[in-house]
Amino acid sequence: MLIVMASFQVFSQDVIVLKNRAKIDAKEVAIKRNVILYQDYAGNSGYQYSVDINKVDYIQYQNGEKLQVNEITDMSTSKMNYGLNLISFHILDFAINNFTFSYERILGNGKYSLQIPISFGYGDDGDLDLLPLPFGTDYENSFANRFSTGVSFNIYPTRQGKVRYFFGPSVQIGSGIYFPNHYNYDPDEIKTGFMGFMVNNGLMISPIEHLSMAVVGSVGARHFFKIENGKTISTLGISFNLTYRF
């Protein structure tokens with residue numbers, strides 16, 4: 001009987017636990033932007049109190065559920081309904097004769113995503129490797145993409161919001177034309193497939209619900225299959241993406 005009564009006392013009201021370990025017995029708890037509104041559990045006046053959300057560690061609800069302060073912050077900042085499906089156009093790829101777009105699906109309560117890019121190349125000029133050593137190890141070669149795709153796994157440490165950093169690995173496969181002597185008057189052309197591995201770091205800005213912009217820097221390596229029994233070169237890239245979210 002005592003156990004039943006004790007359980008009833010523990011969970012018969014909401015408890016707001018502050019970061020200084022003080023506890024507030026409350027009822028009618030509500031979260032509005034940067035404050036938590038509540039009524040005194042022992043009082044019957046109906047007067048509503050408030051406490052700054054930054055002073056709260058967690059809320060223990062009467063049904064036993066526990067809401068951590070970081071989850072409270074996410075709730076307060078997620079009033080903007082960011083879409084979980086993203087279609088992006090990679091604007092800077094036009095500079096190297098590529099038309100690239102991608103589809104990204106947000107997973108894991110906003111913490112992760114899978115992104116699939118698709119790129120079509122046009123024109124006869126290749127993308128020059130103009131990077132300093134040790135990144136650019138081959139100044140006399142270039143590659144013209146014809147088609148490529150792959151998959152990226154992105155990690156958002158602070159989930160979704162107006163300004164978010166993300167990072168993660170990506171794998172690429174595709175085909176195109178490799179120019180082994182680009183600076184010669186009549187360069188040889190080799191049609192070849194390739195496979196690449198990149199590590200991406202990016203910053204996404206979402207000023208409104210359905211529009212995002214991202215800057216992504218990538219570093220990795222690309223392996224060509226039909227060149228001198230296989231050839232691997234380091235590569236570096238940057239992308240500016242304009243994104244529609246839904």
# chains A, B, ... in the order shown; residues from 1 in each chain; ligands from 1
>>> residues_around(residues="range 158-163 of chain A", least_positions_apart="3", cutoff="6 Å", atoms="only C-alpha atoms", output="NGL selection string")
:A and (110-111 or 204-207)
>>> write_last_selection(atoms="N, CA and C atoms", output="tab-separated table (two decimals), in the first residue's frame")
chain	number	residue	atom	x	y	z
A	110	GLY	N	16.42	14.10	-37.84
A	110	GLY	CA	17.15	15.27	-38.31
A	110	GLY	C	18.65	15.19	-38.16
A	111	LYS	N	19.18	14.10	-37.62
A	111	LYS	CA	20.62	14.01	-37.35
A	111	LYS	C	21.42	13.46	-38.53
A	204	MET	N	24.88	24.59	-44.13
A	204	MET	CA	23.57	24.79	-44.75
A	204	MET	C	22.83	25.92	-44.04
A	205	ILE	N	22.27	26.83	-44.83
A	205	ILE	CA	21.49	27.95	-44.31
A	205	ILE	C	20.07	27.83	-44.86
A	206	SER	N	19.08	27.86	-43.95
A	206	SER	CA	17.68	27.71	-44.33
A	206	SER	C	16.89	28.92	-43.85
A	207	PRO	N	16.82	29.99	-44.63
A	207	PRO	CA	16.13	31.21	-44.18
A	207	PRO	C	14.61	31.04	-44.06
>>> closest_residue(among="A:Asn154, A:Asn34, A:Ser175, A:Asn145", to="Asp93 in chain A", atoms="only C-alpha atoms")
A:Asn145
>>> closest_residue(among="A:Leu92, A:Tyr38, A:Ile116, A:Val151", to="Ile238 in chain A", atoms="only C-alpha atoms")
A:Leu92
>>> closest_residue(among="A:Ile208, A:Leu236, A:Ile91, A:Ile177", to="Phe224 in chain A", atoms="only C-alpha atoms")
A:Ile177
>>> closest_residue(among="A:Ser148, A:Ser212, A:Ser234, A:Gln172", to="Asn98 in chain A", atoms="only C-alpha atoms")
A:Ser148
